[in-house]
>>> print(open('upload-v5.cif').read())   # mmCIF, C-alpha atoms
data_structure
loop_
_atom_site.label_atom_id
_atom_site.label_comp_id
_atom_site.auth_asym_id
_atom_site.auth_seq_id
_atom_site.Cartn_x
_atom_site.Cartn_y
_atom_site.Cartn_z
CA MET A 1 -15.78 -24.56 3.28
CA ASN A 2 -16.51 -27.18 0.63
CA GLU A 3 -16.15 -25.37 -2.67
CA PRO A 4 -12.57 -24.74 -3.84
CA GLU A 5 -11.53 -21.15 -3.17
CA ALA A 6 -9.49 -18.90 -5.46
CA PRO A 7 -5.94 -18.56 -4.13
CA LEU A 8 -4.46 -15.31 -2.89
CA SER A 9 -1.12 -14.83 -4.65
CA LEU A 10 1.22 -12.30 -3.09
CA ILE A 11 4.62 -11.32 -4.40
CA LEU A 12 6.57 -9.62 -1.64
CA PHE A 13 9.38 -7.42 -2.94
CA SER A 14 9.78 -4.88 -0.16
CA GLY A 15 11.53 -5.94 3.04
CA THR A 16 10.35 -3.12 5.30
CA ASP A 17 8.42 -4.13 8.40
CA ASP A 18 5.32 -2.06 7.56
CA ARG A 19 4.88 -3.64 4.14
CA LEU A 20 5.62 -7.10 5.50
CA GLY A 21 3.09 -6.40 8.26
CA ALA A 22 0.39 -5.37 5.77
CA ALA A 23 1.10 -8.48 3.67
CA ALA A 24 0.95 -10.73 6.74
CA ILE A 25 -2.48 -9.34 7.68
CA LEU A 26 -3.78 -9.96 4.15
CA ALA A 27 -2.38 -13.49 4.14
CA THR A 28 -3.90 -14.23 7.55
CA GLY A 29 -7.31 -12.92 6.54
CA ALA A 30 -7.33 -15.03 3.38
CA ALA A 31 -6.15 -18.11 5.29
CA VAL A 32 -8.86 -17.90 7.95
CA MET A 33 -11.51 -17.40 5.25
CA GLY A 34 -10.43 -20.64 3.62
CA ARG A 35 -8.44 -19.35 0.66
CA PRO A 36 -5.10 -20.93 -0.20
CA VAL A 37 -2.28 -18.38 0.01
CA ASN A 38 0.91 -18.45 -2.02
CA VAL A 39 3.61 -15.96 -1.13
CA LEU A 40 6.70 -15.47 -3.26
CA LEU A 41 9.65 -13.66 -1.67
CA GLN A 42 11.87 -11.59 -3.92
CA TYR A 43 14.72 -9.17 -3.33
CA TRP A 44 14.43 -7.28 -0.01
CA ALA A 45 11.54 -9.37 1.27
CA LEU A 46 13.77 -12.43 0.92
CA ASP A 47 16.50 -10.57 2.81
CA ALA A 48 14.06 -10.07 5.73
CA PHE A 49 13.49 -13.86 5.97
CA ARG A 50 17.11 -14.68 6.74
CA LYS A 51 17.39 -17.20 9.54
CA GLY A 52 17.83 -15.52 12.92
CA GLN A 53 17.11 -12.05 11.54
CA VAL A 54 13.33 -12.10 11.13
CA GLY A 55 12.74 -10.27 14.43
CA MET A 56 15.20 -7.48 13.63
CA PHE A 57 13.93 -4.03 12.66
CA HIS A 58 13.93 -3.84 8.86
CA GLY A 59 12.93 -0.21 8.55
CA ALA A 60 9.76 1.32 7.13
CA ALA A 61 8.64 2.47 3.69
CA PRO A 62 9.92 5.94 2.65
CA GLU A 63 6.49 7.53 3.15
CA ALA A 64 6.63 6.63 6.85
CA GLY A 65 9.21 9.31 7.64
CA SER A 66 11.13 9.13 10.90
CA ARG A 67 8.05 9.33 13.15
CA GLY A 68 6.29 6.66 11.13
CA ALA A 69 9.34 4.42 11.23
CA GLU A 70 9.38 4.62 15.02
CA LEU A 71 5.67 3.72 15.10
CA VAL A 72 6.37 0.69 12.89
CA ARG A 73 9.31 -0.35 15.07
CA THR A 74 7.31 -0.27 18.29
CA SER A 75 4.19 -1.90 16.82
CA GLN A 76 6.03 -4.81 15.19
CA ALA A 77 6.73 -6.62 18.43
CA GLY A 78 5.68 -9.84 20.13
CA GLU A 79 2.37 -11.30 18.96
CA ARG A 80 1.85 -8.40 16.56
CA HIS A 81 5.03 -9.07 14.61
CA TRP A 82 4.46 -10.05 10.98
CA SER A 83 6.40 -13.28 11.41
CA GLU A 84 4.10 -14.32 14.27
CA LEU A 85 1.00 -13.56 12.16
CA LEU A 86 2.38 -15.63 9.30
CA ARG A 87 3.14 -18.47 11.71
CA GLN A 88 -0.47 -18.43 12.94
CA ALA A 89 -1.79 -18.13 9.37
CA LYS A 90 0.19 -21.23 8.38
CA ASP A 91 -1.18 -23.05 11.40
CA ILE A 92 -4.79 -22.19 10.57
CA GLY A 93 -4.89 -22.35 6.79
CA ASP A 94 -3.12 -23.36 3.61
CA VAL A 95 -0.31 -20.81 3.45
CA LYS A 96 2.88 -21.51 1.51
CA ILE A 97 5.89 -19.23 1.49
CA HIS A 98 8.11 -19.70 -1.53
CA VAL A 99 11.42 -18.10 -2.30
CA CYS A 100 12.35 -16.86 -5.75
CA ALA A 101 15.26 -18.93 -7.05
CA PHE A 102 16.71 -15.91 -8.84
CA SER A 103 16.83 -13.79 -5.67
CA MET A 104 18.46 -16.64 -3.75
CA GLU A 105 21.20 -16.73 -6.34
CA LEU A 106 21.53 -12.96 -6.34
CA PHE A 107 22.21 -12.89 -2.59
CA GLY A 108 24.30 -16.07 -2.68
CA MET A 109 21.90 -17.69 -0.18
CA THR A 110 21.22 -21.38 0.37
CA ARG A 111 18.28 -23.19 2.03
CA GLU A 112 20.21 -23.11 5.32
CA ASP A 113 20.16 -19.29 5.32
CA LEU A 114 16.33 -19.16 5.39
CA ASP A 115 13.94 -18.89 8.31
CA PRO A 116 11.82 -22.06 8.89
CA LEU A 117 8.71 -20.07 7.85
CA VAL A 118 9.88 -20.55 4.26
CA ASP A 119 8.51 -23.72 2.64
CA ASP A 120 10.57 -24.05 -0.50
CA ILE A 121 12.53 -22.49 -3.33
CA GLU A 122 10.45 -22.02 -6.44
CA GLY A 123 10.79 -20.67 -9.95
CA VAL A 124 8.42 -17.96 -11.09
CA ALA A 125 6.62 -20.23 -13.58
CA ALA A 126 5.50 -22.57 -10.79
CA PHE A 127 4.22 -19.58 -8.79
CA ILE A 128 2.25 -18.35 -11.82
CA ALA A 129 0.87 -21.84 -12.34
CA ASP A 130 -0.38 -21.97 -8.73
CA ALA A 131 -2.02 -18.54 -9.16
CA GLY A 132 -4.12 -19.93 -12.02
CA THR A 133 -6.23 -17.23 -13.59
CA GLY A 134 -6.51 -15.35 -10.28
CA PRO A 135 -4.94 -11.97 -9.56
CA ILE A 136 -1.36 -11.55 -8.38
CA THR A 137 -0.63 -8.80 -5.88
CA PHE A 138 2.82 -7.18 -5.74
CA ILE A 139 3.84 -5.52 -2.49
CA MET Q 1 -28.08 -5.20 26.97
CA THR Q 2 -26.94 -7.93 29.28
CA LEU Q 3 -25.48 -11.31 28.61
CA ALA Q 4 -28.19 -13.93 28.17
CA GLN Q 5 -28.03 -17.02 30.31
CA THR Q 6 -25.97 -18.90 27.74
CA PRO Q 7 -23.63 -21.39 29.42
CA VAL Q 8 -20.16 -20.47 28.19
CA THR Q 9 -17.56 -23.22 27.83
CA LYS Q 10 -14.63 -20.83 27.72
CA THR Q 11 -14.12 -17.08 27.94
CA ILE Q 12 -11.30 -15.52 25.93
CA ASP Q 13 -10.25 -12.06 27.06
CA ALA Q 14 -8.73 -10.61 23.89
CA ARG Q 15 -9.04 -6.98 25.00
CA GLY Q 16 -5.85 -5.13 24.08
CA MET Q 17 -5.15 -7.43 21.14
CA ALA Q 18 -4.98 -5.86 17.69
CA CYS Q 19 -6.78 -7.09 14.57
CA PRO Q 20 -6.74 -9.98 13.67
CA GLY Q 21 -5.60 -11.24 17.09
CA PRO Q 22 -9.05 -11.71 18.71
CA LEU Q 23 -10.31 -13.67 15.68
CA LEU Q 24 -7.21 -15.88 15.73
CA SER Q 25 -7.77 -16.56 19.44
CA LEU Q 26 -11.38 -17.56 18.74
CA ILE Q 27 -10.35 -19.85 15.87
CA GLY Q 28 -7.77 -21.54 18.09
CA ALA Q 29 -10.34 -22.15 20.83
CA ILE Q 30 -12.97 -23.48 18.41
CA ARG Q 31 -10.50 -25.87 16.83
CA ALA Q 32 -9.56 -27.23 20.23
CA GLY Q 33 -13.17 -27.46 21.43
CA ALA Q 34 -16.03 -29.88 20.88
CA VAL Q 35 -19.20 -29.45 18.83
CA GLY Q 36 -21.75 -27.58 20.95
CA ASP Q 37 -19.11 -25.74 23.00
CA THR Q 38 -19.76 -22.03 23.40
CA PHE Q 39 -17.00 -19.42 23.50
CA ALA Q 40 -17.18 -15.82 24.66
CA VAL Q 41 -14.57 -13.49 23.15
CA LEU Q 42 -14.06 -10.09 24.76
CA SER Q 43 -12.60 -7.75 22.13
CA GLY Q 44 -12.15 -4.01 21.82
CA ASP Q 45 -10.75 -4.34 18.30
CA ALA Q 46 -12.94 -2.56 15.73
CA GLY Q 47 -12.05 -5.17 13.12
CA SER Q 48 -13.68 -7.89 15.22
CA LYS Q 49 -17.11 -6.32 14.55
CA THR Q 50 -16.89 -7.38 10.92
CA ASP Q 51 -14.36 -10.20 11.04
CA ILE Q 52 -15.82 -12.45 13.73
CA PRO Q 53 -19.32 -12.61 12.10
CA ALA Q 54 -17.71 -13.06 8.64
CA TRP Q 55 -15.53 -15.94 9.80
CA VAL Q 56 -18.30 -17.59 11.83
CA ALA Q 57 -20.62 -17.53 8.78
CA LYS Q 58 -17.88 -18.85 6.49
CA ALA Q 59 -16.84 -21.62 8.88
CA LYS Q 60 -20.52 -22.48 9.49
CA HIS Q 61 -20.54 -21.96 13.23
CA GLU Q 62 -23.10 -19.82 15.01
CA ILE Q 63 -23.15 -16.37 16.61
CA VAL Q 64 -25.22 -16.70 19.77
CA GLU Q 65 -25.07 -13.03 20.60
CA ILE Q 66 -22.94 -9.90 20.49
CA VAL Q 67 -23.11 -7.77 23.61
CA PRO Q 68 -21.64 -4.27 23.42
CA ALA Q 69 -20.07 -2.80 26.54
CA GLU Q 70 -17.95 0.26 27.33
CA GLY Q 71 -14.83 -0.02 25.17
CA TYR Q 72 -15.33 -3.61 24.01
CA SER Q 73 -17.91 -6.16 22.92
CA THR Q 74 -18.51 -9.77 23.91
CA TYR Q 75 -18.94 -12.16 20.98
CA VAL Q 76 -20.59 -15.42 21.98
CA VAL Q 77 -20.02 -18.15 19.40
CA ARG Q 78 -21.16 -21.78 19.34
CA LYS Q 79 -19.06 -24.44 17.62
CA ALA Q 80 -21.64 -26.00 15.28
CA ARG Q 81 -19.66 -28.68 13.49
#
>>> encode(input="upload-v5.cif", output="structure tokens")
Amino acid sequence: MNEPEAPLSLILFSGTDDRLGAAAILATGAAVMGRPVNVLLQYWALDAFRKGQVGMFHGAAPEAGSRGAELVRTSQAGERHWSELLRQAKDIGDVKIHVCAFSMELFGMTREDLDPLVDDIEGVAAFIADAGTGPITFI
Amino acid sequence: MTLAQTPVTKTIDARGMACPGPLLSLIGAIRAGAVGDTFAVLSGDAGSKTDIPAWVAKAKHEIVEIVPAEGYSTYVVRKAR
């Protein structure tokens, strides 16, 4: 792993557990393969990273329906939970979780309201700068 | 196929873990181990079939062998650096 790798840049907007789970798997895969990962939390994704509330059920995307939502609820538990995957990804690779300053203000949140998985509060220009010329994925 | 007579430093039973759990378990063991150590990962996760060889190649370790069994496979990996 000598050559510099293109970063994976993920903007997480949705706060449902299925979308957060899919994003966590992507981030983990990139981290283990040696790519830096930058995650920016906006809106409902930020809401899911409130301190003490990460393990709560945050619902599923509309297409899941009620049966799908139950599947998401039961699968997002223990070691399979997206927060646990992100924790392991951060342990293994270069994974940074940033919070959008605008969304923080919108919800009236401060640094103390955030789960320790979050690294810092960042403006969107800094996130774009880190992404370089690489793609940005919006989930 | 049967397991070759490779001395295994540590066996990781990751059966029942979902993707990417078995790979993460292997990475954890390799990081904690010494160069030359050999790890056997038992995994029934279909993702392991592609992910373990991809990661081992990328991280420049070595696949010793992959032994399929009923419902799972054993991935034997040597820490090469």
>>> atom_distance(input="upload-v5.cif", atom1="atom CA of Asp115 of chain A", atom2="atom CA of Pro22 of chain Q")
26.2 Å
>>> closest_residue(input="upload-v5.cif", among="A:Met33, A:Arg19, A:Glu112, A:Ile121", to="Lys60 of chain Q", atoms="all atoms listed in the file")
A:Met33
>>> resolve_selection(input="upload-v5.cif", expression="the PyMOL selection byres ((chain A) within 12 of (chain Q))", output="number ranges by chain")
A: 1-3, 5, 21-22, 24-35, 75-82, 84-93
>>> write_last_selection(input="upload-v5.cif", atoms="C-alpha atoms", output="short mmCIF file (atom, residue, chain, number, x, y, z; two decimals), in the coordinates of the input")
data_model
loop_
_atom_site.label_atom_id
_atom_site.label_comp_id
_atom_site.auth_asym_id
_atom_site.auth_seq_id
_atom_site.Cartn_x
_atom_site.Cartn_y
_atom_site.Cartn_z
CA MET A 1 -15.78 -24.56 3.28
CA ASN A 2 -16.51 -27.18 0.63
CA GLU A 3 -16.15 -25.37 -2.67
CA GLU A 5 -11.53 -21.15 -3.17
CA GLY A 21 3.09 -6.40 8.26
CA ALA A 22 0.39 -5.37 5.77
CA ALA A 24 0.95 -10.73 6.74
CA ILE A 25 -2.48 -9.34 7.68
CA LEU A 26 -3.78 -9.96 4.15
CA ALA A 27 -2.38 -13.49 4.14
CA THR A 28 -3.90 -14.23 7.55
CA GLY A 29 -7.31 -12.92 6.54
CA ALA A 30 -7.33 -15.03 3.38
CA ALA A 31 -6.15 -18.11 5.29
CA VAL A 32 -8.86 -17.90 7.95
CA MET A 33 -11.51 -17.40 5.25
CA GLY A 34 -10.43 -20.64 3.62
CA ARG A 35 -8.44 -19.35 0.66
CA SER A 75 4.19 -1.90 16.82
CA GLN A 76 6.03 -4.81 15.19
CA ALA A 77 6.73 -6.62 18.43
CA GLY A 78 5.68 -9.84 20.13
CA GLU A 79 2.37 -11.30 18.96
CA ARG A 80 1.85 -8.40 16.56
CA HIS A 81 5.03 -9.07 14.61
CA TRP A 82 4.46 -10.05 10.98
CA GLU A 84 4.10 -14.32 14.27
CA LEU A 85 1.00 -13.56 12.16
CA LEU A 86 2.38 -15.63 9.30
CA ARG A 87 3.14 -18.47 11.71
CA GLN A 88 -0.47 -18.43 12.94
CA ALA A 89 -1.79 -18.13 9.37
CA LYS A 90 0.19 -21.23 8.38
CA ASP A 91 -1.18 -23.05 11.40
CA ILE A 92 -4.79 -22.19 10.57
CA GLY A 93 -4.89 -22.35 6.79
#
>>> atom_distance(input="upload-v5.cif", atom1="atom CA of Ser83 of chain A", atom2="atom CA of Asp17 of chain A")
9.8 Å
>>> residues_around(input="upload-v5.cif", residues="segment 52-54 of chain A", least_positions_apart="4", cutoff="9 Å", atoms="all atoms listed in the file", output="mmCIF file with C-alpha atoms, keeping the file's coordinate frame")
data_model
loop_
_atom_site.group_PDB
_atom_site.id
_atom_site.type_symbol
_atom_site.label_atom_id
_atom_site.label_comp_id
_atom_site.auth_asym_id
_atom_site.auth_seq_id
_atom_site.Cartn_x
_atom_site.Cartn_y
_atom_site.Cartn_z
ATOM 1 C CA ASP A 47 16.500 -10.570 2.810
ATOM 2 C CA ALA A 48 14.060 -10.070 5.730
ATOM 3 C CA HIS A 58 13.930 -3.840 8.860
ATOM 4 C CA SER A 83 6.400 -13.280 11.410
ATOM 5 C CA ASP A 113 20.160 -19.290 5.320
ATOM 6 C CA LEU A 114 16.330 -19.160 5.390
ATOM 7 C CA ASP A 115 13.940 -18.890 8.310
#
>>> atom_distance(input="upload-v5.cif", atom1="atom CA of Gly44 of chain Q", atom2="atom CA of Thr11 of chain Q")
14.6 Å
>>> resolve_selection(input="upload-v5.cif", expression="the PyMOL selection byres ((chain A and resi 103) around 9)", output="ChimeraX atom specification")
/A:41-44,46,99-102,104-109
>>> closest_residue(input="upload-v5.cif", among="Q:Tyr72, Q:Thr9, Q:Glu65, Q:Val77", to="Gly47 of chain Q", atoms="all atoms listed in the file")
Q:Tyr72
>>> residues_around(input="upload-v5.cif", residues="Asn38 of chain A", least_positions_apart="6", cutoff="10 Å", atoms="only C-alpha atoms", output="number ranges by chain")
A: 7-11, 27, 94-98, 127-128, 130-131, 136
>>> closest_residue(input="upload-v5.cif", among="Q:Thr38, Q:Ser43, Q:Thr50, Q:Ser73", to="Pro7 of chain Q", atoms="all atoms listed in the file")
Q:Thr38
>>> residues_near_point(input="upload-v5.cif", point="(-21.7, -26.6, 24.2)", cutoff="10 Å", atoms="all atoms listed in the file", output="list in words")
Thr6, Pro7, Val8, Thr9, Lys10, Gly33, Ala34, Val35, Gly36, Asp37, Thr38, Phe39, Val77, Arg78, Lys79 and Ala80 of chain Q
>>> resolve_selection(input="upload-v5.cif", expression="the PyMOL selection byres ((chain A and resi 59) around 10)", output="ChimeraX atom specification")
/A:15-19,56-58,60-62,64,66,68-70,72-73
>>> residues_near_point(input="upload-v5.cif", point="(-10.9, -7.8, 28.6)", cutoff="7 Å", atoms="only C-alpha atoms", output="ChimeraX atom specification")
/Q:13-15,42-43
>>> write_last_selection(input="upload-v5.cif", atoms="C-alpha atoms", output="CSV table (one decimal), keeping the file's coordinate frame")
chain,number,residue,atom,x,y,z
Q,13,ASP,CA,-10.2,-12.1,27.1
Q,14,ALA,CA,-8.7,-10.6,23.9
Q,15,ARG,CA,-9.0,-7.0,25.0
Q,42,LEU,CA,-14.1,-10.1,24.8
Q,43,SER,CA,-12.6,-7.8,22.1
>>> closest_residue(input="upload-v5.cif", among="A:Ala23, A:Ser14, A:Asp120, A:Glu63", to="Ala45 of chain A", atoms="all atoms listed in the file")
A:Ser14
>>> build_atoms(input="upload-v5.cif", residues="segment 38-70 of chain Q", atoms="N, CA and C atoms", output="short mmCIF file (atom, residue, chain, number, x, y, z; two decimals), keeping the file's coordinate frame")
data_model
loop_
_atom_site.label_atom_id
_atom_site.label_comp_id
_atom_site.auth_asym_id
_atom_site.auth_seq_id
_atom_site.Cartn_x
_atom_site.Cartn_y
_atom_site.Cartn_z
N THR Q 38 -19.48 -23.44 23.63
CA THR Q 38 -19.76 -22.03 23.40
C THR Q 38 -18.60 -21.19 23.95
N PHE Q 39 -18.15 -20.25 23.13
CA PHE Q 39 -17.00 -19.42 23.50
C PHE Q 39 -17.40 -17.96 23.53
N ALA Q 40 -16.95 -17.25 24.56
CA ALA Q 40 -17.18 -15.82 24.66
C ALA Q 40 -15.84 -15.11 24.45
N VAL Q 41 -15.78 -14.26 23.43
CA VAL Q 41 -14.57 -13.49 23.15
C VAL Q 41 -14.81 -12.04 23.51
N LEU Q 42 -13.99 -11.51 24.42
CA LEU Q 42 -14.06 -10.09 24.76
C LEU Q 42 -13.04 -9.36 23.89
N SER Q 43 -13.51 -8.44 23.04
CA SER Q 43 -12.60 -7.75 22.13
C SER Q 43 -12.97 -6.29 21.99
N GLY Q 44 -11.95 -5.44 22.05
CA GLY Q 44 -12.15 -4.01 21.82
C GLY Q 44 -11.68 -3.60 20.43
N ASP Q 45 -11.26 -4.59 19.65
CA ASP Q 45 -10.75 -4.34 18.30
C ASP Q 45 -11.90 -4.06 17.35
N ALA Q 46 -11.84 -2.92 16.63
CA ALA Q 46 -12.94 -2.56 15.73
C ALA Q 46 -13.09 -3.56 14.60
N GLY Q 47 -11.99 -4.19 14.20
CA GLY Q 47 -12.05 -5.17 13.12
C GLY Q 47 -12.87 -6.40 13.48
N SER Q 48 -12.92 -6.72 14.78
CA SER Q 48 -13.68 -7.89 15.22
C SER Q 48 -15.16 -7.77 14.86
N LYS Q 49 -15.68 -6.54 14.84
CA LYS Q 49 -17.11 -6.32 14.55
C LYS Q 49 -17.50 -6.91 13.20
N THR Q 50 -16.59 -6.82 12.24
CA THR Q 50 -16.89 -7.38 10.92
C THR Q 50 -16.29 -8.77 10.76
N ASP Q 51 -15.09 -8.97 11.33
CA ASP Q 51 -14.36 -10.20 11.04
C ASP Q 51 -14.92 -11.43 11.76
N ILE Q 52 -15.32 -11.27 13.01
CA ILE Q 52 -15.82 -12.45 13.73
C ILE Q 52 -17.12 -12.96 13.08
N PRO Q 53 -18.12 -12.09 12.80
CA PRO Q 53 -19.32 -12.61 12.10
C PRO Q 53 -18.99 -13.19 10.72
N ALA Q 54 -18.05 -12.56 9.98
CA ALA Q 54 -17.71 -13.06 8.64
C ALA Q 54 -17.09 -14.46 8.72
N TRP Q 55 -16.18 -14.63 9.68
CA TRP Q 55 -15.53 -15.94 9.80
C TRP Q 55 -16.52 -17.00 10.30
N VAL Q 56 -17.35 -16.63 11.27
CA VAL Q 56 -18.30 -17.59 11.83
C VAL Q 56 -19.27 -18.08 10.74
N ALA Q 57 -19.72 -17.15 9.88
CA ALA Q 57 -20.62 -17.53 8.78
C ALA Q 57 -19.89 -18.45 7.80
N LYS Q 58 -18.67 -18.08 7.46
CA LYS Q 58 -17.88 -18.85 6.49
C LYS Q 58 -17.58 -20.26 7.02
N ALA Q 59 -17.22 -20.33 8.28
CA ALA Q 59 -16.84 -21.62 8.88
C ALA Q 59 -18.07 -22.40 9.36
N LYS Q 60 -19.25 -21.82 9.15
CA LYS Q 60 -20.52 -22.48 9.49
C LYS Q 60 -20.65 -22.82 10.97
N HIS Q 61 -20.23 -21.88 11.81
CA HIS Q 61 -20.54 -21.96 13.23
C HIS Q 61 -21.71 -21.02 13.49
N GLU Q 62 -21.89 -20.59 14.73
CA GLU Q 62 -23.10 -19.82 15.01
C GLU Q 62 -22.81 -18.70 16.01
N ILE Q 63 -23.23 -17.48 15.65
CA ILE Q 63 -23.15 -16.37 16.61
C ILE Q 63 -24.36 -16.49 17.54
N VAL Q 64 -24.11 -16.63 18.80
CA VAL Q 64 -25.22 -16.70 19.77
C VAL Q 64 -25.70 -15.29 20.08
N GLU Q 65 -24.74 -14.43 20.38
CA GLU Q 65 -25.07 -13.03 20.60
C GLU Q 65 -23.82 -12.18 20.63
N ILE Q 66 -24.02 -10.88 20.39
CA ILE Q 66 -22.94 -9.90 20.49
C ILE Q 66 -23.41 -8.83 21.46
N VAL Q 67 -22.68 -8.70 22.56
CA VAL Q 67 -23.11 -7.77 23.61
C VAL Q 67 -22.12 -6.62 23.72
N PRO Q 68 -22.54 -5.41 23.30
CA PRO Q 68 -21.64 -4.27 23.42
C PRO Q 68 -21.50 -3.81 24.88
N ALA Q 69 -20.31 -3.38 25.22
CA ALA Q 69 -20.07 -2.80 26.54
C ALA Q 69 -19.18 -1.57 26.34
N GLU Q 70 -18.79 -0.95 27.42
CA GLU Q 70 -17.95 0.26 27.33
C GLU Q 70 -16.54 -0.14 26.88
#
